[in-house]
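Listing of protein.cif, mmCIF, C-alpha atoms
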```cif
data_target
loop_
_atom_site.group_PDB
_atom_site.id
_atom_site.type_symbol
_atom_site.label_atom_id
_atom_site.label_comp_id
_atom_site.auth_asym_id
_atom_site.auth_seq_id
_atom_site.Cartn_x
_atom_site.Cartn_y
_atom_site.Cartn_z
ATOM 1 C CA MET A 397 24.820 11.069 1.523
ATOM 2 C CA THR A 398 23.161 9.407 -1.461
ATOM 3 C CA VAL A 399 24.498 8.137 -4.775
ATOM 4 C CA GLY A 400 22.792 8.694 -8.121
ATOM 5 C CA ALA A 401 22.672 6.255 -11.023
ATOM 6 C CA SER A 402 25.738 7.907 -12.550
ATOM 7 C CA GLY A 403 27.736 7.079 -9.438
ATOM 8 C CA ALA A 404 28.084 10.717 -8.360
ATOM 9 C CA LYS A 405 27.674 11.360 -4.672
ATOM 10 C CA VAL A 406 24.747 13.529 -3.647
ATOM 11 C CA GLY A 407 25.277 15.387 -0.391
ATOM 12 C CA ILE A 408 21.843 16.356 0.893
ATOM 13 C CA SER A 409 19.767 15.470 3.964
ATOM 14 C CA SER A 410 16.317 14.141 3.174
ATOM 15 C CA GLU A 411 13.339 12.320 4.668
ATOM 16 C CA VAL A 412 10.701 10.114 3.083
ATOM 17 C CA VAL A 413 7.165 10.844 4.317
ATOM 18 C CA VAL A 414 4.441 8.218 3.925
ATOM 19 C CA CYS A 415 0.937 9.177 5.049
ATOM 20 C CA THR A 416 -1.354 6.186 5.436
ATOM 21 C CA ARG A 417 -4.761 5.078 6.692
ATOM 22 C CA ASN A 418 -6.067 1.511 6.980
ATOM 23 C CA ARG A 419 -3.727 0.126 4.302
ATOM 24 C CA PRO A 420 -1.234 -2.109 6.129
ATOM 25 C CA HIS A 421 -0.731 -4.465 3.169
ATOM 26 C CA GLU A 422 -0.091 -1.623 0.720
ATOM 27 C CA LEU A 423 2.265 0.087 3.163
ATOM 28 C CA LYS A 424 4.205 -3.134 3.612
ATOM 29 C CA CYS A 425 4.751 -3.374 -0.159
ATOM 30 C CA ALA A 426 5.938 0.231 -0.302
ATOM 31 C CA LEU A 427 8.360 -0.287 2.580
ATOM 32 C CA GLU A 428 9.639 -3.488 0.994
ATOM 33 C CA SER A 429 10.603 -1.507 -2.107
ATOM 34 C CA PHE A 430 12.592 0.875 0.105
ATOM 35 C CA LEU A 431 14.795 -2.070 1.096
ATOM 36 C CA GLN A 432 16.188 -2.100 -2.445
ATOM 37 C CA VAL A 433 17.464 1.469 -2.066
ATOM 38 C CA THR A 434 21.211 1.241 -1.599
ATOM 39 C CA HIS A 435 21.792 4.477 0.317
ATOM 40 C CA SER A 436 20.521 5.221 3.814
ATOM 41 C CA LEU A 437 16.955 6.470 4.152
ATOM 42 C CA ARG A 438 15.087 8.239 6.909
ATOM 43 C CA VAL A 439 11.409 7.327 6.755
ATOM 44 C CA LEU A 440 8.532 9.009 8.592
ATOM 45 C CA VAL A 441 5.165 7.206 8.626
ATOM 46 C CA VAL A 442 2.138 9.284 9.668
ATOM 47 C CA ASP A 443 -0.739 6.934 10.403
ATOM 48 C CA ALA A 444 -4.444 7.746 10.715
ATOM 49 C CA SER A 445 -5.646 4.132 10.850
ATOM 50 C CA ASP A 446 -8.511 2.797 12.946
ATOM 51 C CA ASP A 447 -6.475 -0.124 14.316
ATOM 52 C CA ALA A 448 -2.926 -1.185 15.173
ATOM 53 C CA HIS A 449 -2.163 -3.195 12.024
ATOM 54 C CA THR A 450 -0.135 -0.403 10.425
ATOM 55 C CA ALA A 451 1.946 0.049 13.579
ATOM 56 C CA GLU A 452 2.681 -3.675 13.494
ATOM 57 C CA VAL A 453 3.876 -3.432 9.881
ATOM 58 C CA VAL A 454 6.211 -0.576 10.796
ATOM 59 C CA ALA A 455 7.589 -2.453 13.819
ATOM 60 C CA GLU A 456 8.244 -5.581 11.755
ATOM 61 C CA TRP A 457 9.963 -3.589 9.004
ATOM 62 C CA ARG A 458 12.093 -1.705 11.536
ATOM 63 C CA SER A 459 13.382 -4.983 12.974
ATOM 64 C CA ARG A 460 15.034 -6.013 9.688
ATOM 65 C CA SER A 461 15.640 -2.775 7.788
ATOM 66 C CA PRO A 462 18.933 -0.883 7.599
ATOM 67 C CA HIS A 463 16.968 2.353 7.265
ATOM 68 C CA GLN A 464 15.719 4.599 10.050
ATOM 69 C CA ILE A 465 11.960 4.824 10.511
ATOM 70 C CA ARG A 466 9.757 6.906 12.780
ATOM 71 C CA TYR A 467 6.060 6.359 13.388
ATOM 72 C CA LEU A 468 3.474 9.007 14.300
ATOM 73 C CA THR A 469 -0.291 8.886 14.651
ATOM 74 C CA CYS A 470 -2.645 11.606 13.541
ATOM 75 C CA ALA A 471 -6.336 12.322 13.054
ATOM 76 C CA PRO A 472 -7.581 11.374 9.557
ATOM 77 C CA GLY A 473 -7.097 13.776 6.678
ATOM 78 C CA LEU A 474 -4.267 13.620 4.151
ATOM 79 C CA THR A 475 -3.399 17.314 4.208
ATOM 80 C CA ARG A 476 -3.477 17.298 8.007
ATOM 81 C CA GLN A 477 -1.169 14.294 8.080
ATOM 82 C CA ARG A 478 1.267 15.969 5.709
ATOM 83 C CA MET A 479 1.402 19.110 7.813
ATOM 84 C CA VAL A 480 2.026 16.984 10.929
ATOM 85 C CA ALA A 481 4.908 15.346 9.070
ATOM 86 C CA ILE A 482 6.400 18.712 8.117
ATOM 87 C CA GLN A 483 6.324 19.824 11.751
ATOM 88 C CA ALA A 484 8.037 16.582 12.802
ATOM 89 C CA LEU A 485 10.916 16.648 10.300
ATOM 90 C CA ALA A 486 14.447 16.311 11.628
ATOM 91 C CA SER A 487 16.226 19.635 12.078
ATOM 92 C CA ASP A 488 18.751 18.940 9.313
ATOM 93 C CA THR A 489 16.238 17.807 6.681
ATOM 94 C CA VAL A 490 16.524 19.772 3.447
ATOM 95 C CA ILE A 491 14.515 17.643 1.004
ATOM 96 C CA VAL A 492 11.126 16.026 1.733
ATOM 97 C CA HIS A 493 9.974 13.091 -0.386
ATOM 98 C CA PHE A 494 6.210 12.491 -0.189
ATOM 99 C CA VAL A 495 5.160 9.079 -1.498
ATOM 100 C CA ASP A 496 1.819 7.328 -1.189
ATOM 101 C CA ASP A 497 1.455 4.089 0.721
ATOM 102 C CA ASP A 498 0.520 2.262 -2.493
ATOM 103 C CA VAL A 499 3.653 2.936 -4.553
ATOM 104 C CA VAL A 500 6.666 0.753 -5.334
ATOM 105 C CA VAL A 501 9.867 2.712 -5.970
ATOM 106 C CA GLU A 502 12.864 1.628 -8.001
ATOM 107 C CA PRO A 503 16.246 1.609 -6.196
ATOM 108 C CA GLU A 504 17.501 4.951 -7.595
ATOM 109 C CA TYR A 505 14.202 6.849 -7.295
ATOM 110 C CA PHE A 506 15.164 9.087 -4.376
ATOM 111 C CA ALA A 507 18.787 9.582 -5.463
ATOM 112 C CA GLU A 508 17.786 10.718 -8.965
ATOM 113 C CA LEU A 509 15.425 13.375 -7.593
ATOM 114 C CA GLU A 510 17.968 14.619 -5.086
ATOM 115 C CA ALA A 511 20.719 14.801 -7.705
ATOM 116 C CA VAL A 512 18.582 17.022 -9.952
ATOM 117 C CA MET A 513 17.604 19.323 -7.092
ATOM 118 C CA LEU A 514 21.174 19.566 -5.848
ATOM 119 C CA ARG A 515 22.392 20.685 -9.270
ATOM 120 C CA ASP A 516 19.915 23.581 -9.452
ATOM 121 C CA PRO A 517 18.949 25.471 -6.259
ATOM 122 C CA ALA A 518 16.118 27.175 -8.172
ATOM 123 C CA ILE A 519 14.227 23.866 -8.349
ATOM 124 C CA GLN A 520 11.700 23.810 -5.528
ATOM 125 C CA GLY A 521 9.985 20.539 -6.363
ATOM 126 C CA ALA A 522 10.377 17.417 -8.460
ATOM 127 C CA GLY A 523 8.414 14.326 -9.376
ATOM 128 C CA GLY A 524 9.316 11.014 -10.939
ATOM 129 C CA ARG A 525 7.940 8.893 -13.750
ATOM 130 C CA ILE A 526 5.019 6.641 -12.843
ATOM 131 C CA THR A 527 5.869 3.760 -15.135
ATOM 132 C CA ASN A 528 2.425 2.115 -15.042
ATOM 133 C CA GLN A 529 0.482 5.363 -15.544
ATOM 134 C CA PRO A 530 -2.167 4.771 -18.229
ATOM 135 C CA HIS A 531 -2.285 7.349 -21.024
ATOM 136 C CA HIS A 532 -5.227 7.907 -23.326
ATOM 137 C CA PRO A 533 -5.018 9.258 -26.888
ATOM 138 C CA ILE A 534 -5.248 13.040 -27.172
ATOM 139 C CA LYS A 535 -8.515 13.960 -28.889
ATOM 140 C CA PRO A 536 -8.697 17.258 -30.846
ATOM 141 C CA LEU A 537 -12.224 18.008 -29.620
ATOM 142 C CA TRP A 538 -11.097 17.610 -26.019
ATOM 143 C CA VAL A 539 -8.150 19.924 -26.643
ATOM 144 C CA ALA A 540 -10.487 22.546 -28.115
ATOM 145 C CA ALA A 541 -12.744 22.204 -25.074
ATOM 146 C CA GLY A 542 -9.893 22.809 -22.637
ATOM 147 C CA LEU A 543 -10.026 19.239 -21.350
ATOM 148 C CA ASP A 544 -6.621 18.131 -22.670
ATOM 149 C CA SER A 545 -3.542 19.553 -24.325
ATOM 150 C CA PHE A 546 -0.502 18.563 -26.352
ATOM 151 C CA ARG A 547 1.501 20.424 -23.697
ATOM 152 C CA GLN A 548 2.647 18.079 -20.954
ATOM 153 C CA GLY A 549 2.626 18.616 -17.212
ATOM 154 C CA VAL A 550 0.655 21.868 -17.286
ATOM 155 C CA VAL A 551 -2.461 23.255 -15.615
ATOM 156 C CA LEU A 552 -4.766 24.641 -18.281
ATOM 157 C CA ALA A 553 -6.857 27.800 -17.927
ATOM 158 C CA SER A 554 -9.843 25.505 -17.315
ATOM 159 C CA GLY A 555 -8.118 24.013 -14.259
ATOM 160 C CA VAL A 556 -7.548 20.673 -16.000
ATOM 161 C CA HIS A 557 -4.044 19.260 -15.495
ATOM 162 C CA THR A 558 -2.172 17.222 -18.093
ATOM 163 C CA PHE A 559 0.302 14.411 -17.488
ATOM 164 C CA VAL A 560 3.875 14.060 -18.745
ATOM 165 C CA ARG A 561 3.701 11.207 -21.237
ATOM 166 C CA ASP A 562 7.027 10.652 -22.959
ATOM 167 C CA ALA A 563 9.762 12.903 -21.564
ATOM 168 C CA LYS A 564 13.280 11.555 -22.040
ATOM 169 C CA ALA A 565 14.991 14.276 -19.996
ATOM 170 C CA VAL A 566 14.158 16.577 -17.102
ATOM 171 C CA VAL A 567 11.282 18.878 -18.073
ATOM 172 C CA ARG A 568 9.700 21.827 -16.283
ATOM 173 C CA VAL A 569 6.092 21.317 -15.173
ATOM 174 C CA GLN A 570 3.341 23.210 -13.345
ATOM 175 C CA TRP A 571 2.134 20.482 -11.011
ATOM 176 C CA LEU A 572 3.290 17.264 -9.329
ATOM 177 C CA SER A 573 1.364 14.074 -8.594
ATOM 178 C CA GLY A 574 0.670 13.603 -4.894
ATOM 179 C CA CYS A 575 1.631 9.936 -5.004
ATOM 180 C CA ALA A 576 5.261 10.854 -5.652
ATOM 181 C CA MET A 577 6.354 14.445 -5.113
ATOM 182 C CA THR A 578 9.483 15.946 -3.597
ATOM 183 C CA TYR A 579 9.969 19.474 -2.253
ATOM 184 C CA ARG A 580 12.584 21.584 -0.557
ATOM 185 C CA ARG A 581 11.756 22.017 3.087
ATOM 186 C CA ASP A 582 12.146 25.810 2.853
ATOM 187 C CA LEU A 583 9.108 25.948 0.580
ATOM 188 C CA PHE A 584 6.833 25.141 3.525
ATOM 189 C CA ALA A 585 7.794 28.397 5.214
ATOM 190 C CA GLN A 586 5.852 30.106 2.399
ATOM 191 C CA ILE A 587 2.922 27.784 1.728
ATOM 192 C CA GLY A 588 1.333 24.705 3.259
ATOM 193 C CA PHE A 589 -1.145 22.005 2.386
ATOM 194 C CA ASP A 590 -4.761 23.108 2.637
ATOM 195 C CA THR A 591 -6.103 21.615 5.878
ATOM 196 C CA ARG A 592 -9.596 23.019 5.246
ATOM 197 C CA THR A 593 -10.233 19.877 3.219
ATOM 198 C CA SER A 594 -10.879 16.596 4.981
ATOM 199 C CA GLY A 595 -11.143 12.885 4.310
ATOM 200 C CA TYR A 596 -9.928 11.886 0.855
ATOM 201 C CA CYS A 597 -8.639 15.425 0.097
ATOM 202 C CA LEU A 598 -9.187 15.144 -3.643
ATOM 203 C CA GLY A 599 -6.998 17.443 -5.751
ATOM 204 C CA GLU A 600 -4.823 18.683 -2.906
ATOM 205 C CA ASP A 601 -1.672 17.776 -4.841
ATOM 206 C CA VAL A 602 -2.564 19.895 -7.878
ATOM 207 C CA GLU A 603 -3.636 22.814 -5.686
ATOM 208 C CA PHE A 604 -0.420 22.816 -3.642
ATOM 209 C CA SER A 605 2.000 22.162 -6.469
ATOM 210 C CA PHE A 606 0.415 24.755 -8.773
ATOM 211 C CA ARG A 607 0.873 27.344 -6.025
ATOM 212 C CA ALA A 608 4.454 26.125 -5.577
ATOM 213 C CA SER A 609 5.124 26.522 -9.306
ATOM 214 C CA HIS A 610 4.679 30.272 -8.862
ATOM 215 C CA LEU A 611 7.358 30.335 -6.170
ATOM 216 C CA GLY A 612 10.032 28.272 -7.936
ATOM 217 C CA ILE A 613 10.724 25.683 -10.588
ATOM 218 C CA LEU A 614 9.004 22.288 -10.579
ATOM 219 C CA VAL A 615 10.397 19.495 -12.740
ATOM 220 C CA HIS A 616 9.521 16.012 -13.928
ATOM 221 C CA VAL A 617 12.502 13.628 -13.652
ATOM 222 C CA PRO A 618 11.946 10.567 -15.888
ATOM 223 C CA MET A 619 15.029 8.825 -14.493
ATOM 224 C CA ALA A 620 13.293 8.604 -11.087
ATOM 225 C CA ARG A 621 10.941 5.692 -11.635
ATOM 226 C CA LEU A 622 8.197 4.081 -9.574
ATOM 227 C CA GLU A 623 4.902 2.249 -9.935
ATOM 228 C CA HIS A 624 1.603 3.401 -8.459
ATOM 229 C CA HIS A 625 -0.945 0.718 -7.623
ATOM 230 C CA PRO A 626 -4.004 2.694 -6.449
ATOM 231 C CA SER A 627 -5.544 0.864 -3.528
ATOM 232 C CA LYS A 628 -9.307 0.389 -3.434
ATOM 233 C CA ARG A 629 -9.235 0.950 0.313
ATOM 234 C CA GLU A 630 -10.094 4.440 1.548
ATOM 235 C CA ARG A 631 -11.181 5.506 -1.943
ATOM 236 C CA MET A 632 -14.550 6.790 -3.097
ATOM 237 C CA GLU A 633 -16.782 5.276 -5.757
ATOM 238 C CA VAL A 634 -15.816 6.315 -9.308
ATOM 239 C CA SER A 635 -18.950 8.340 -10.096
ATOM 240 C CA GLU A 636 -18.632 10.243 -6.841
ATOM 241 C CA TRP A 637 -14.977 10.890 -7.673
ATOM 242 C CA TRP A 638 -15.952 12.498 -10.994
ATOM 243 C CA ALA A 639 -18.472 14.760 -9.262
ATOM 244 C CA ARG A 640 -16.145 15.858 -6.471
ATOM 245 C CA ASP A 641 -13.237 16.316 -8.849
ATOM 246 C CA LEU A 642 -15.217 18.926 -10.760
ATOM 247 C CA VAL A 643 -16.159 20.727 -7.538
ATOM 248 C CA GLN A 644 -12.505 20.786 -6.490
ATOM 249 C CA ARG A 645 -11.405 22.060 -9.894
ATOM 250 C CA HIS A 646 -13.940 24.897 -9.662
ATOM 251 C CA ARG A 647 -12.546 25.792 -6.266
ATOM 252 C CA LEU A 648 -8.999 25.818 -7.630
ATOM 253 C CA VAL A 649 -9.954 28.094 -10.517
ATOM 254 C CA SER A 650 -11.968 30.406 -8.251
ATOM 255 C CA GLU A 651 -9.178 30.861 -5.711
ATOM 256 C CA LEU A 652 -6.328 31.157 -8.230
ATOM 257 C CA ALA A 653 -8.089 33.043 -11.017
ATOM 258 C CA GLY A 654 -5.252 35.564 -11.069
ATOM 259 C CA SER A 655 -2.666 32.857 -11.800
ATOM 260 C CA GLY A 656 -3.576 32.033 -15.367
ATOM 261 C CA LEU A 657 -6.817 30.204 -14.575
ATOM 262 C CA SER A 658 -10.188 31.317 -15.888
ATOM 263 C CA LYS A 659 -13.707 30.778 -14.563
ATOM 264 C CA SER A 660 -15.163 31.153 -18.048
ATOM 265 C CA ARG A 661 -12.780 28.501 -19.387
ATOM 266 C CA PHE A 662 -13.710 26.250 -16.485
ATOM 267 C CA TRP A 663 -17.426 26.494 -17.242
ATOM 268 C CA PHE A 664 -16.864 26.033 -20.960
ATOM 269 C CA SER A 665 -14.799 22.895 -20.381
ATOM 270 C CA ALA A 666 -17.229 21.480 -17.795
ATOM 271 C CA CYS A 667 -20.245 21.849 -20.076
ATOM 272 C CA CYS A 668 -18.305 20.506 -23.073
ATOM 273 C CA GLU A 669 -17.228 17.459 -21.067
ATOM 274 C CA VAL A 670 -20.812 16.571 -20.195
ATOM 275 C CA VAL A 671 -21.828 16.832 -23.856
ATOM 276 C CA LEU A 672 -18.768 15.014 -25.241
ATOM 277 C CA CYS A 673 -18.992 12.149 -22.750
ATOM 278 C CA ALA A 674 -22.734 11.752 -23.231
ATOM 279 C CA CYS A 675 -22.516 11.759 -27.029
ATOM 280 C CA GLU A 676 -19.543 9.414 -27.260
ATOM 281 C CA GLY A 677 -21.002 7.140 -24.605
ATOM 282 C CA LEU A 678 -24.352 6.832 -26.381
ATOM 283 C CA ILE A 679 -22.914 6.506 -29.885
ATOM 284 C CA CYS A 680 -20.258 3.960 -28.894
ATOM 285 C CA CYS A 681 -22.392 2.231 -26.237
ATOM 286 C CA ARG A 682 -19.860 3.003 -23.491
ATOM 287 C CA ARG A 683 -21.703 3.115 -20.198
ATOM 288 C CA SER A 684 -18.655 4.413 -18.342
ATOM 289 C CA LEU A 685 -18.743 7.633 -20.376
ATOM 290 C CA VAL A 686 -22.466 8.074 -19.808
ATOM 291 C CA ARG A 687 -21.907 7.642 -16.067
ATOM 292 C CA ARG A 688 -19.087 10.169 -16.245
ATOM 293 C CA ALA A 689 -21.356 12.679 -17.984
ATOM 294 C CA LEU A 690 -24.031 12.204 -15.319
ATOM 295 C CA ALA A 691 -21.470 12.534 -12.524
ATOM 296 C CA ARG A 692 -20.040 15.723 -13.988
ATOM 297 C CA GLY A 693 -23.598 17.004 -14.224
ATOM 298 C CA ARG A 694 -24.055 16.353 -10.509
ATOM 299 C CA GLY A 695 -20.810 18.209 -9.884
ATOM 300 C CA ILE A 696 -22.119 21.223 -11.787
ATOM 301 C CA GLY A 697 -25.283 21.078 -9.703
ATOM 302 C CA ARG A 698 -23.284 21.070 -6.475
ATOM 303 C CA ILE A 699 -21.239 24.060 -7.579
ATOM 304 C CA LEU A 700 -24.365 26.018 -8.416
ATOM 305 C CA GLN A 701 -25.881 25.108 -5.028
ATOM 306 C CA GLN A 702 -22.793 26.268 -3.197
ATOM 307 C CA GLY A 703 -22.946 29.695 -4.736
ATOM 308 C CA ARG A 704 -20.579 32.100 -3.043
ATOM 309 C CA ASP A 705 -21.060 30.867 0.522
ATOM 310 C CA PRO A 706 -17.516 30.971 2.049
ATOM 311 C CA ARG A 707 -18.527 28.285 4.545
ATOM 312 C CA ASN A 708 -18.690 25.683 1.799
ATOM 313 C CA LEU A 709 -15.002 24.806 1.844
ATOM 314 C CA GLU A 710 -15.311 21.038 2.116
ATOM 315 C CA MET A 711 -15.106 19.245 -1.211
ATOM 316 C CA GLY A 712 -18.361 17.771 -2.329
ATOM 317 C CA LEU A 713 -20.677 19.917 -0.174
#
```

I need this file expressed as structure tokens, please.
Amino acid sequence: MTVGASGAKVGISSEVVVCTRNRPHELKCALESFLQVTHSLRVLVVDASDDAHTAEVVAEWRSRSPHQIRYLTCAPGLTRQRMVAIQALASDTVIVHFVDDDVVVEPEYFAELEAVMLRDPAIQGAGGRITNQPHHPIKPLWVAAGLDSFRQGVVLASGVHTFVRDAKAVVRVQWLSGCAMTYRRDLFAQIGFDTRTSGYCLGEDVEFSFRASHLGILVHVPMARLEHHPSKRERMEVSEWWARDLVQRHRLVSELAGSGLSKSRFWFSACCEVVLCACEGLICCRRSLVRRALARGRGIGRILQQGRDPRNLEMGL
């Protein structure tokens, strides 16, 4: 039983899943924020670390926390870890909160999400407001190129996803951020996380949640607040991220072309992004944009090299 900010009791069984790898300090900060949650939590940590430091953090937290916590080990791979967690959920779990190991939640984060989902059984997934999420100005040229939109929380025909910037109330969306997403357990009887990907698993959150949006309602809940402090550990170099992100977006559009996504819009947006970043970077002397243009160009090259070979399922091949 949880209690929302309004004081209303929320009767629903839930678990908090934290998948982690080689980030004991970040995990400790996340778990410390859970201590501020006033209602009882059940936490499941799925660890793919190379050493025992994470297990030590969990043991220390367990010794002084009022919340329940379970600890499992798993081979590396975020989607694999999430599927292991789903298989290990308690039998009475109805709601599954996935949070990254580098987030800090506010005390009512979980209760606010559960309250919204309890009020409307049609809601299959929900996400909170990342209070330190940076937002960049919307540029008309980027909108025309299919790289941004004035619509919030949507997946464009090009495969680009837009963030919710300024919602004051619950709003329907088409995707949820992997660092803080909540789903009904029943949803996983219909779809699962894509375990074909490995390692960093870039874009797995957009892929899964966009599929989920065709099976039920997804919402953004601004009252559920948290901070995301992306750890530099277990992350790829920025230029490589830009290249792989484009490859993953192409894969998303190719596999879900019948769901409102378009290969032609993808290619138009990808080529426009290279040109726009290169021009703005050179004119304004912004090396980061020039590097982004070059990285996107490498991504285009990788996509063309892959062709239609079905064996090329790993991101970045």

Requested in this report: Return as an MDAnalysis selection string the set of residues that the PyMOL selection byres ((chain A and resi 602-612) around 8) yields on the displayed structure.
Outcome: chainID A and resid 518:521 551 557 569:574 583 587:590 599:601 613:614 648

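Note that atom CA of Ile491 of chain A and atom CA of Arg647 of chain A are 29.2 Å apart.
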
Query raised in the report: Could you spell out the hits of the PyMOL selection byres ((chain A and resi 458-474) around 7) on the shown file, as an NGL selection string?
Result: :A and (415 or 431 or 436-444 or 454-457 or 475-478 or 594-597)

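The residue that comes closest to Gln432 of chain A, out of A:Tyr505, A:Val412, A:Cys668, A:Gln483 and on the basis of all atoms listed in the file, is A:Tyr505.
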
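Proximity to Gly697 of chain A was assessed for A:Arg640, A:Thr450, A:Glu422, A:Glu651 counting all atoms listed in the file; the smallest distance is recorded for A:Arg640.
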
Name the residues that the PyMOL selection byres ((chain A and resi 531) around 10) pulls out of this structure, and write them as a short mmCIF file (atom, residue, chain, number, x, y, z; two decimals) with C-alpha atoms, keeping the file's coordinate frame.
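Everything below was put into out19.cif:
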```cif
data_model
loop_
_atom_site.label_atom_id
_atom_site.label_comp_id
_atom_site.auth_asym_id
_atom_site.auth_seq_id
_atom_site.Cartn_x
_atom_site.Cartn_y
_atom_site.Cartn_z
CA ASN A 528 2.42 2.12 -15.04
CA GLN A 529 0.48 5.36 -15.54
CA PRO A 530 -2.17 4.77 -18.23
CA HIS A 532 -5.23 7.91 -23.33
CA PRO A 533 -5.02 9.26 -26.89
CA ILE A 534 -5.25 13.04 -27.17
CA PHE A 559 0.30 14.41 -17.49
CA VAL A 560 3.88 14.06 -18.74
CA ARG A 561 3.70 11.21 -21.24
#
```

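Reported to one decimal place, the separation of atom CA of Cys425 of chain A from atom CA of Val499 of chain A is 7.8 Å.
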
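Between atom CA of Glu623 of chain A and atom CA of Pro503 of chain A the interatomic distance comes to 12.0 Å.
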
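The residue that comes closest to His449 of chain A, out of A:Leu423, A:Val495, A:Val500, A:Val556 and on the basis of all atoms listed in the file, is A:Leu423.
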
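Using all atoms listed in the file for every distance, the candidate list A:Gln548, A:Pro536, A:Ser627, A:Met513 yields A:Ser627 as the residue closest to Thr416 of chain A.
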
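Of the listed residues (A:Ser429, A:Ser445, A:Ser545, A:Ser554), A:Ser554 comes nearest to Lys659 of chain A; the distances count all atoms listed in the file.
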
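Of the residues under consideration (A:Ile696, A:Cys673, A:Val566, A:Val643), A:Val566 shows the shortest atom-to-atom contact distance to Val615 of chain A when counting only C-alpha atoms.
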
Query raised in the report: Excluding same-chain residues fewer than 3 positions from Cys667 of chain A, what lies within 12 Å of it counting all atoms listed in the file, as a ChimeraX atom specification?
Result: /A:538,541-543,554,642,660-664,670-674,689-690,692-697
